[in-house]
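Structure data follow from input.cif (mmCIF, C-alpha atoms):
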```cif
data_input
#
loop_
_atom_site.label_atom_id
_atom_site.label_comp_id
_atom_site.auth_asym_id
_atom_site.auth_seq_id
_atom_site.Cartn_x
_atom_site.Cartn_y
_atom_site.Cartn_z
CA MET K 1 1.02 13.92 62.94
CA THR K 2 1.62 17.58 62.34
CA LYS K 3 3.12 19.34 65.33
CA ILE K 4 0.33 21.66 66.47
CA THR K 5 1.27 25.13 67.64
CA ALA K 6 -1.31 27.41 69.23
CA ARG K 7 -2.11 30.45 67.14
CA LYS K 8 -3.26 33.68 68.73
CA LEU K 9 -6.34 35.22 67.16
CA ASN K 10 -6.84 38.97 66.92
CA PHE K 11 -10.22 38.55 68.61
CA LYS K 12 -11.51 36.66 71.63
CA PRO K 13 -13.89 33.89 70.52
CA GLY K 14 -15.95 34.19 73.71
CA THR K 15 -16.44 37.93 73.24
CA ALA K 16 -17.40 37.48 69.58
CA VAL K 17 -19.91 34.73 70.42
CA LYS K 18 -21.53 36.83 73.14
CA ALA K 19 -21.95 39.79 70.77
CA LEU K 20 -23.41 37.61 68.01
CA LEU K 21 -25.91 35.94 70.36
CA ALA K 22 -27.07 39.21 71.92
CA PRO K 23 -30.03 39.75 69.54
CA VAL K 24 -31.33 36.20 70.00
CA GLN K 25 -34.30 35.55 72.32
CA ASP K 26 -33.56 33.89 75.65
CA ARG K 27 -34.83 30.38 74.93
CA ALA K 28 -33.24 30.20 71.49
CA ARG K 29 -29.97 31.58 72.85
CA ASP K 30 -29.96 28.98 75.64
CA ILE K 31 -30.60 26.19 73.13
CA VAL K 32 -27.75 27.34 70.89
CA GLU K 33 -25.39 27.65 73.87
CA ARG K 34 -26.25 24.15 75.05
CA ARG K 35 -25.98 22.63 71.56
CA PHE K 36 -22.50 24.07 70.95
CA GLY K 37 -21.23 23.89 74.55
CA ILE K 38 -20.15 27.52 74.42
CA THR K 39 -20.97 28.43 78.02
CA GLY K 40 -20.09 26.88 81.36
CA LYS K 41 -16.77 25.44 82.44
CA THR K 42 -16.96 21.91 81.02
CA GLY K 43 -17.64 22.71 77.37
CA ASP K 44 -20.08 19.80 77.19
CA ARG K 45 -22.36 19.76 74.16
CA MET K 46 -25.94 18.56 74.57
CA THR K 47 -27.94 16.44 72.16
CA LEU K 48 -31.24 17.52 70.59
CA GLU K 49 -33.03 14.92 72.73
CA ALA K 50 -31.51 16.15 76.01
CA ILE K 51 -32.42 19.77 75.28
CA GLY K 52 -35.91 18.69 74.19
CA GLU K 53 -36.46 17.06 77.57
CA ILE K 54 -35.51 20.30 79.34
CA TYR K 55 -38.07 22.34 77.36
CA ASN K 56 -40.56 19.51 76.89
CA ILE K 57 -40.40 19.78 73.10
CA THR K 58 -39.42 17.34 70.34
CA ARG K 59 -35.88 16.98 69.04
CA GLU K 60 -37.07 18.23 65.67
CA ARG K 61 -38.46 21.37 67.28
CA VAL K 62 -35.09 21.94 68.99
CA ARG K 63 -33.39 21.63 65.60
CA GLN K 64 -35.81 24.14 64.07
CA ILE K 65 -35.17 26.65 66.85
CA GLU K 66 -31.42 26.22 66.49
CA ASN K 67 -31.47 26.67 62.70
CA PHE K 68 -33.79 29.68 62.93
CA ALA K 69 -31.52 31.29 65.55
CA LEU K 70 -28.41 30.84 63.38
CA GLU K 71 -30.16 32.25 60.31
CA SER K 72 -31.46 35.25 62.25
CA ILE K 73 -27.92 36.01 63.48
CA ARG K 74 -26.59 35.94 59.89
CA LYS K 75 -29.18 38.59 58.96
CA SER K 76 -28.58 40.77 62.01
CA ASP K 77 -26.53 43.91 62.54
CA ALA K 78 -24.43 41.96 65.04
CA TYR K 79 -23.19 39.73 62.20
CA THR K 80 -22.29 42.75 60.06
CA LYS K 81 -20.46 44.41 62.94
CA ASN K 82 -18.40 41.27 63.55
CA VAL K 83 -17.58 40.51 59.92
CA ALA K 84 -13.85 40.93 60.72
CA VAL K 85 -14.10 37.81 62.89
CA PHE K 86 -15.20 35.70 59.92
CA GLU K 87 -12.67 37.33 57.62
CA GLU K 88 -9.85 36.37 59.97
CA LEU K 89 -11.07 32.77 60.15
CA GLU K 90 -11.33 32.73 56.36
CA ASP K 91 -7.76 34.02 56.08
CA TYR K 92 -6.68 31.29 58.47
CA LEU K 93 -8.22 28.53 56.32
CA THR K 94 -6.81 30.11 53.17
CA SER K 95 -3.31 30.01 54.67
CA HIS K 96 -3.81 26.25 55.08
CA GLY K 97 -4.86 25.68 51.50
CA GLY K 98 -8.57 26.06 52.18
CA LEU K 99 -8.80 22.60 53.78
CA ILE K 100 -7.75 21.51 57.27
CA LYS K 101 -8.42 18.69 59.70
CA GLU K 102 -10.84 19.85 62.39
CA GLU K 103 -8.71 18.54 65.26
CA THR K 104 -5.70 20.50 64.01
CA LEU K 105 -7.73 23.66 63.53
CA LEU K 106 -9.32 23.56 66.97
CA ASN K 107 -6.09 22.73 68.80
CA GLU K 108 -4.38 25.65 67.09
CA LEU K 109 -7.14 28.16 67.76
CA GLY K 110 -8.54 27.04 71.11
CA LYS K 111 -6.70 26.79 74.42
CA ASP K 112 -9.52 24.83 76.09
CA GLU K 113 -12.66 22.89 75.18
CA GLN K 114 -15.02 25.81 75.62
CA THR K 115 -12.92 28.05 73.35
CA ARG K 116 -12.76 25.27 70.74
CA ASN K 117 -16.55 24.96 70.87
CA GLN K 118 -16.85 28.72 70.38
CA VAL K 119 -14.64 28.47 67.28
CA VAL K 120 -16.88 25.69 65.92
CA PHE K 121 -19.90 27.90 66.51
CA LEU K 122 -18.28 30.78 64.61
CA LEU K 123 -17.34 28.49 61.72
CA THR K 124 -20.86 27.03 61.63
CA LEU K 125 -22.33 30.51 61.65
CA GLY K 126 -19.99 31.89 58.98
CA GLU K 127 -21.31 31.64 55.43
CA SER K 128 -17.91 30.82 53.88
CA PHE K 129 -17.17 27.68 55.82
CA VAL K 130 -18.22 24.09 55.13
CA ARG K 131 -17.71 21.22 57.54
CA LEU K 132 -17.08 17.90 55.83
CA ARG K 133 -18.15 15.12 58.15
CA GLU K 134 -15.93 12.22 59.11
CA ASP K 135 -16.38 9.08 57.01
CA ASP K 136 -14.55 5.80 56.41
CA ASP K 137 -11.71 7.56 54.60
CA TYR K 138 -11.30 11.00 56.17
CA TYR K 139 -11.54 12.78 59.51
CA HIS K 140 -13.79 15.78 60.21
CA ARG K 141 -12.42 18.72 58.23
CA TRP K 142 -13.27 22.29 57.30
CA THR K 143 -13.03 23.81 53.86
CA LEU K 144 -13.81 26.97 51.94
CA ASP K 145 -14.45 25.09 48.68
CA PRO K 146 -15.90 21.53 48.65
CA GLU K 147 -14.95 21.05 44.99
CA SER K 148 -11.29 21.78 45.69
CA ALA K 149 -11.49 19.52 48.74
CA ASP K 150 -12.70 16.68 46.49
CA LYS K 151 -9.61 17.16 44.31
CA VAL K 152 -7.41 16.79 47.35
CA HIS K 153 -9.31 13.64 48.33
CA GLY K 154 -8.76 12.21 44.86
CA ALA K 155 -5.03 12.95 44.96
CA LEU K 156 -4.72 11.34 48.39
CA ASP K 157 -6.55 8.24 47.15
CA LYS K 158 -4.29 7.89 44.10
CA MET K 159 -1.16 8.38 46.13
CA ARG K 160 -2.29 5.78 48.68
CA GLU K 161 -2.84 3.22 45.93
CA GLY K 162 0.82 3.55 44.96
CA ILE K 163 2.15 2.74 48.43
CA GLY K 164 3.13 -0.87 49.17
CA ALA K 165 1.41 -2.70 52.03
CA ASP K 166 4.34 -2.35 54.44
CA GLU K 167 6.30 0.33 52.60
CA LEU K 168 7.72 3.25 54.55
CA ILE K 169 8.32 6.61 52.89
CA ALA K 170 10.20 9.64 54.16
CA GLU K 171 7.93 12.60 54.88
CA SER K 172 9.62 14.81 52.27
CA GLU K 173 9.03 12.16 49.60
CA ILE K 174 5.36 11.51 50.39
CA VAL K 175 4.68 15.26 50.46
CA ASP K 176 6.30 15.55 47.02
CA ARG K 177 4.16 12.66 45.77
CA LEU K 178 0.95 14.33 46.90
CA ALA K 179 1.95 17.69 45.46
CA THR K 180 2.84 15.97 42.16
CA HIS K 181 -0.53 14.18 42.00
CA LEU K 182 -2.34 17.48 42.50
CA LYS K 183 -0.24 19.19 39.86
CA ASN K 184 -0.52 16.39 37.28
CA ASP K 185 -4.11 15.26 37.87
CA VAL K 186 -5.73 18.54 38.79
CA GLY K 187 -3.40 21.08 37.26
CA GLU K 188 -3.08 22.95 40.52
CA TYR K 189 0.16 23.90 42.23
CA VAL K 190 0.31 23.63 46.02
CA SER K 191 3.15 24.25 48.41
CA ASN K 192 4.75 21.35 50.24
CA GLU K 193 3.57 22.88 53.51
CA GLN K 194 -0.05 22.71 52.35
CA ALA K 195 0.39 19.19 51.03
CA ARG K 196 1.86 18.14 54.39
CA ARG K 197 -1.20 19.44 56.22
CA TRP K 198 -3.53 17.50 53.94
CA LEU K 199 -1.87 14.19 54.75
CA ASP K 200 -3.43 14.40 58.22
CA ILE K 201 -7.02 14.33 56.98
CA SER K 202 -6.66 10.78 55.63
CA LYS K 203 -7.45 7.77 57.81
CA HIS K 204 -5.54 5.40 55.53
CA ILE K 205 -2.05 6.89 55.66
CA SER K 206 -0.13 7.90 58.75
CA SER K 207 3.37 8.26 60.16
CA ASN K 208 5.33 6.25 62.69
CA PRO K 209 7.44 7.68 65.56
CA LEU K 210 10.36 8.16 63.14
CA ASN K 211 8.20 10.35 60.89
CA GLU K 212 8.10 7.76 58.11
CA TRP K 213 4.79 7.38 56.27
CA GLY K 214 2.83 4.39 55.05
CA HIS K 215 -0.50 2.62 55.37
CA ALA K 216 -2.06 3.44 58.73
CA ASP K 217 -2.77 -0.23 59.55
CA SER K 218 0.77 -1.41 58.79
CA PRO K 219 2.73 -2.63 61.84
CA ASN K 220 5.58 -0.48 60.53
CA VAL K 221 3.38 2.57 61.12
CA LYS K 222 0.91 1.60 63.82
CA THR K 223 3.44 0.34 66.35
CA ARG K 224 1.77 -2.01 68.84
CA GLY K 225 4.58 -3.60 70.79
CA VAL K 226 8.28 -4.27 71.28
CA ARG K 227 8.75 -6.05 67.96
CA ASP K 228 7.38 -3.08 65.98
CA TYR K 229 9.62 -0.66 67.85
CA ALA K 230 12.54 -3.04 67.35
CA TYR K 231 11.91 -2.96 63.62
CA LEU K 232 12.12 0.84 63.64
CA VAL K 233 15.33 0.72 65.70
CA LEU K 234 17.08 -1.58 63.22
CA ARG K 235 15.74 0.39 60.27
CA LYS K 236 17.04 3.59 61.81
CA HIS K 237 20.54 2.16 62.44
CA GLY K 238 20.75 0.36 59.11
CA LYS K 239 22.93 -2.46 60.41
CA PRO K 240 22.62 -5.63 62.55
CA LEU K 241 22.42 -5.09 66.30
CA HIS K 242 22.61 -7.37 69.31
CA PHE K 243 19.20 -7.94 70.89
CA SER K 244 20.41 -6.23 74.08
CA GLU K 245 21.29 -3.14 72.04
CA VAL K 246 17.89 -3.26 70.38
CA ALA K 247 16.17 -3.32 73.79
CA GLU K 248 18.29 -0.40 74.97
CA GLN K 249 17.52 1.63 71.85
CA VAL K 250 13.77 0.97 72.08
CA THR K 251 13.79 2.53 75.53
CA GLU K 252 16.08 5.39 74.54
CA MET K 253 14.40 6.32 71.24
CA PHE K 254 10.75 5.82 72.15
CA GLY K 255 10.62 5.92 75.93
CA ARG K 256 9.21 2.38 75.94
CA PRO K 257 10.63 0.07 78.64
CA ALA K 258 11.95 -3.04 76.85
CA HIS K 259 13.33 -5.99 78.78
CA VAL K 260 16.25 -7.73 77.11
CA ALA K 261 14.79 -11.25 77.36
CA THR K 262 11.39 -10.11 76.10
CA THR K 263 12.98 -8.30 73.17
CA HIS K 264 14.95 -11.40 72.22
CA ASN K 265 11.80 -13.56 72.29
CA GLU K 266 9.90 -11.06 70.14
CA LEU K 267 12.67 -10.92 67.53
CA ILE K 268 12.78 -14.72 67.27
CA LYS K 269 9.04 -14.92 66.54
CA ASP K 270 8.90 -12.25 63.81
CA GLU K 271 9.86 -12.98 60.19
CA ARG K 272 11.00 -9.40 59.72
CA PHE K 273 14.12 -10.23 61.74
CA VAL K 274 16.96 -12.62 60.91
CA LEU K 275 19.53 -13.95 63.37
CA VAL K 276 22.85 -13.32 61.62
CA GLY K 277 25.31 -13.97 64.44
CA ARG K 278 25.46 -14.63 68.15
CA GLY K 279 22.54 -12.54 69.35
CA LEU K 280 22.85 -10.26 66.30
CA TYR K 281 19.70 -9.48 64.37
CA ALA K 282 19.21 -7.91 60.96
CA LEU K 283 16.13 -7.15 58.86
CA SER K 284 15.08 -9.69 56.25
CA GLU K 285 14.34 -6.80 53.88
CA TRP K 286 18.08 -6.13 53.74
CA GLY K 287 18.49 -9.37 51.81
CA TYR K 288 19.22 -11.69 54.71
CA SER K 289 17.55 -15.12 54.65
CA ASN K 290 16.39 -17.19 57.59
CA GLY K 291 18.09 -20.41 58.68
CA VAL K 292 21.37 -21.67 60.09
CA VAL K 293 24.69 -21.29 58.24
CA ARG K 294 24.11 -24.59 56.42
CA ASP K 295 20.80 -23.29 55.07
CA VAL K 296 22.44 -20.06 53.92
CA ILE K 297 25.16 -22.01 52.06
CA ARG K 298 22.56 -24.22 50.39
CA THR K 299 20.48 -21.22 49.30
CA ILE K 300 23.52 -19.45 47.84
CA LEU K 301 24.62 -22.53 45.88
CA LYS K 302 21.13 -23.08 44.50
CA GLU K 303 20.93 -19.46 43.35
CA LYS K 304 24.47 -18.98 42.05
CA GLY K 305 25.61 -22.50 41.13
CA PRO K 306 28.87 -24.27 42.10
CA MET K 307 31.35 -22.12 44.01
CA THR K 308 34.79 -22.46 45.56
CA LYS K 309 35.31 -22.27 49.31
CA GLU K 310 36.65 -18.73 49.01
CA GLU K 311 33.73 -17.58 46.86
CA LEU K 312 31.21 -19.17 49.21
CA THR K 313 32.85 -17.68 52.28
CA LYS K 314 32.60 -14.20 50.81
CA GLU K 315 28.87 -14.66 50.04
CA VAL K 316 28.01 -16.26 53.39
CA LEU K 317 29.68 -13.44 55.31
CA LYS K 318 27.30 -11.05 53.60
CA GLN K 319 24.48 -12.98 55.25
CA ARG K 320 25.95 -14.03 58.58
CA GLN K 321 28.45 -12.58 61.01
CA VAL K 322 30.23 -15.84 61.83
CA LYS K 323 33.79 -17.13 61.87
CA GLU K 324 35.12 -18.46 58.58
CA ASN K 325 35.90 -21.77 60.27
CA THR K 326 32.17 -22.23 60.94
CA ILE K 327 31.57 -22.09 57.19
CA TYR K 328 34.40 -24.55 56.51
CA VAL K 329 33.02 -27.04 59.05
CA ASN K 330 29.61 -26.97 57.36
CA LEU K 331 31.13 -27.53 53.91
CA GLN K 332 32.88 -30.67 55.15
CA ASN K 333 29.53 -32.29 55.95
CA ALA K 334 29.19 -34.81 53.11
CA ARG K 335 25.49 -35.33 53.82
CA HIS K 336 24.77 -31.79 52.65
CA PHE K 337 27.57 -30.70 50.30
CA ARG K 338 29.94 -32.30 47.80
CA LYS K 339 33.15 -30.98 46.27
CA ASP K 340 33.87 -31.52 42.56
CA VAL K 341 37.24 -32.02 40.83
CA LYS K 342 37.55 -28.25 40.33
CA GLY K 343 37.27 -27.60 44.04
CA ARG K 344 33.75 -26.20 43.77
CA TYR K 345 30.91 -27.06 46.11
CA THR K 346 27.36 -28.08 45.25
CA PRO K 347 24.44 -29.05 47.50
CA VAL K 348 23.51 -32.67 47.92
CA ALA K 349 19.99 -33.22 46.61
#
```
Please render this file's structure as structure tokens.
Amino acid sequence: MTKITARKLNFKPGTAVKALLAPVQDRARDIVERRFGITGKTGDRMTLEAIGEIYNITRERVRQIENFALESIRKSDAYTKNVAVFEELEDYLTSHGGLIKEETLLNELGKDEQTRNQVVFLLTLGESFVRLREDDDYYHRWTLDPESADKVHGALDKMREGIGADELIAESEIVDRLATHLKNDVGEYVSNEQARRWLDISKHISSNPLNEWGHADSPNVKTRGVRDYAYLVLRKHGKPLHFSEVAEQVTEMFGRPAHVATTHNELIKDERFVLVGRGLYALSEWGYSNGVVRDVIRTILKEKGPMTKEELTKEVLKQRQVKENTIYVNLQNARHFRKDVKGRYTPVA
């Protein structure tokens, strides 16, 4: 997720809202205030049905009054006098590429729920702004140009199709990919900062605690428990670690209490991890294979053909952190391996 930093506006949303609602008749103003949650301390927004019950009118009538009130404001002198408010909001969206996730926008511009509701009211009232509703693929977002927003959606979809199921991508790389898709497919140049913002509108791609990106439903991104955090620890260190070290690092890196015994049990049960020594675990994606030393020797011989003891030892030590004597003992087991006249070993069928 993008780190959200509050941005100070040159106007007070509450003051602007009050001025814009001034020409509206009492009942209509009350309905608008209740619908948007722009008054009171809680910032609660009321449904059409709830407001209809207060005034003993239908939900459709409430909607009509709301729409008429908004349209009358747009045609009023109050709207003209406060045009600078809408220009500043337009400049804000433009600085974000004309498309931004609603949650990001509101958290940047509003210090509390009521202020955020006031910003939504101003955006709804402004003629330049379009709210694109949340769907199966994207979160609520605001744009100045729906056609340009569709191009961004298309680029995000194409980029997502090129990401492997459990692939993890550095943020700088995925931003470059999105910017490249927009440039190649749409012919539009965007800055990396804008492209980074647009990643957040997608429901299908997300980042893990190490700021690596991938499919949002991947366990490498959507970390659910100790084993997922352990995977990120090993990936971060890039080398085998003892399970006690893994537990310690999970707590240190992510603030997640991890008991040593629990961590060990989780690593044993997950195919992403391979025991390569006494309590030492590596990632299978590094090329390590599961099994005891005998299994590793057999796999190597099947893949590479007959090998001498020295050649085998060198290959096995790439897979397991064990003593050389352990390898020699396994090779002497005639039920599993035989030695030819050239001193090379082959597996027994």
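What separates CA of Tyr281 (chain K) from CA of Thr326 (chain K) is a distance of 18.2 Å.
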Shell of 7 Å around Gln114 (chain K), all atoms listed in the file, local chain residues under 6 positions omitted, as JSON, numbers by chain: {"K": [37, 38, 39, 42, 43]}
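Comparing K:Glu303, K:Glu60, K:Asp136, K:Asp200 by their smallest distance to Glu315 (chain K), the closest is K:Glu303 (using all atoms listed in the file).
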Non-local contacts of region 285-299 of chain K (6 Å; all atoms listed in the file; under 5 positions in same chain excluded) as a VMD selection string: chain K and resid 274 319 347
Residue contacts of Asp340 (chain K) (10 Å, only C-alpha atoms) excluding same-chain residues fewer than 6 positions away, as JSON, numbers by chain: {"K": [306, 307, 308, 346]}
List, as a PDB file with C-alpha atoms, in the coordinates of the input, every residue that the PyMOL selection byres ((chain K and resi 312) around 9) selects in the file provided.
```
ATOM      1  CA  ILE K 297      25.160 -22.010  52.060  1.00  0.00           C
ATOM      2  CA  ILE K 300      23.520 -19.450  47.840  1.00  0.00           C
ATOM      3  CA  LEU K 301      24.620 -22.530  45.880  1.00  0.00           C
ATOM      4  CA  MET K 307      31.350 -22.120  44.010  1.00  0.00           C
ATOM      5  CA  THR K 308      34.790 -22.460  45.560  1.00  0.00           C
ATOM      6  CA  LYS K 309      35.310 -22.270  49.310  1.00  0.00           C
ATOM      7  CA  GLU K 310      36.650 -18.730  49.010  1.00  0.00           C
ATOM      8  CA  GLU K 311      33.730 -17.580  46.860  1.00  0.00           C
ATOM      9  CA  THR K 313      32.850 -17.680  52.280  1.00  0.00           C
ATOM     10  CA  LYS K 314      32.600 -14.200  50.810  1.00  0.00           C
ATOM     11  CA  GLU K 315      28.870 -14.660  50.040  1.00  0.00           C
ATOM     12  CA  VAL K 316      28.010 -16.260  53.390  1.00  0.00           C
ATOM     13  CA  LEU K 317      29.680 -13.440  55.310  1.00  0.00           C
ATOM     14  CA  ILE K 327      31.570 -22.090  57.190  1.00  0.00           C
ATOM     15  CA  TYR K 345      30.910 -27.060  46.110  1.00  0.00           C
TER      16      TYR K 345
END
```
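Proximity ranking of K:Asp228, K:Asp112, K:Asp166, K:Glu66 relative to Val250 (chain K) places K:Asp228 first, based on all atoms listed in the file.
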Enclosing box along x, y and z for every listed atom of region 13-19 of chain K, padded 4 Å each side, centre and size in Å, one decimal, as JSON:
```
{"center_x": -17.9, "center_y": 36.8, "center_z": 71.6, "size_x": 16.1, "size_y": 13.9, "size_z": 12.1}
```
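Excluding Ala19 (chain K) itself and any same-chain residue fewer than 5 positions from it, the protein and nucleic acid residues within 9 Å of it, counting only C-alpha atoms, are K:Gly14, K:Ala78, K:Tyr79, K:Asn82.
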CA of Leu283 (chain K) to CA of Phe243 (chain K), straight-line distance in Å: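 Interatomic distance, CA of Phe243 (chain K) to CA of Leu283 (chain K): 12.4 Å.
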Two-atom distance - CA of Leu241 (chain K), CA of Leu210 (chain K) (Å):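 Spanning CA of Leu241 (chain K) to CA of Leu210 (chain K) is a straight-line distance of 18.2 Å.
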Resolved residues for the PyMOL selection byres ((chain K and resi 92) around 12) as a list in words: Arg7, Lys8, Leu9, Asn10, Val85, Phe86, Glu87, Glu88, Leu89, Glu90, Asp91, Leu93, Thr94, Ser95, His96, Gly97, Gly98, Leu99, Ile100, Leu105, Leu106, Glu108, Leu109, Leu123, Phe129, Trp142, Thr143 and Leu144 of chain K
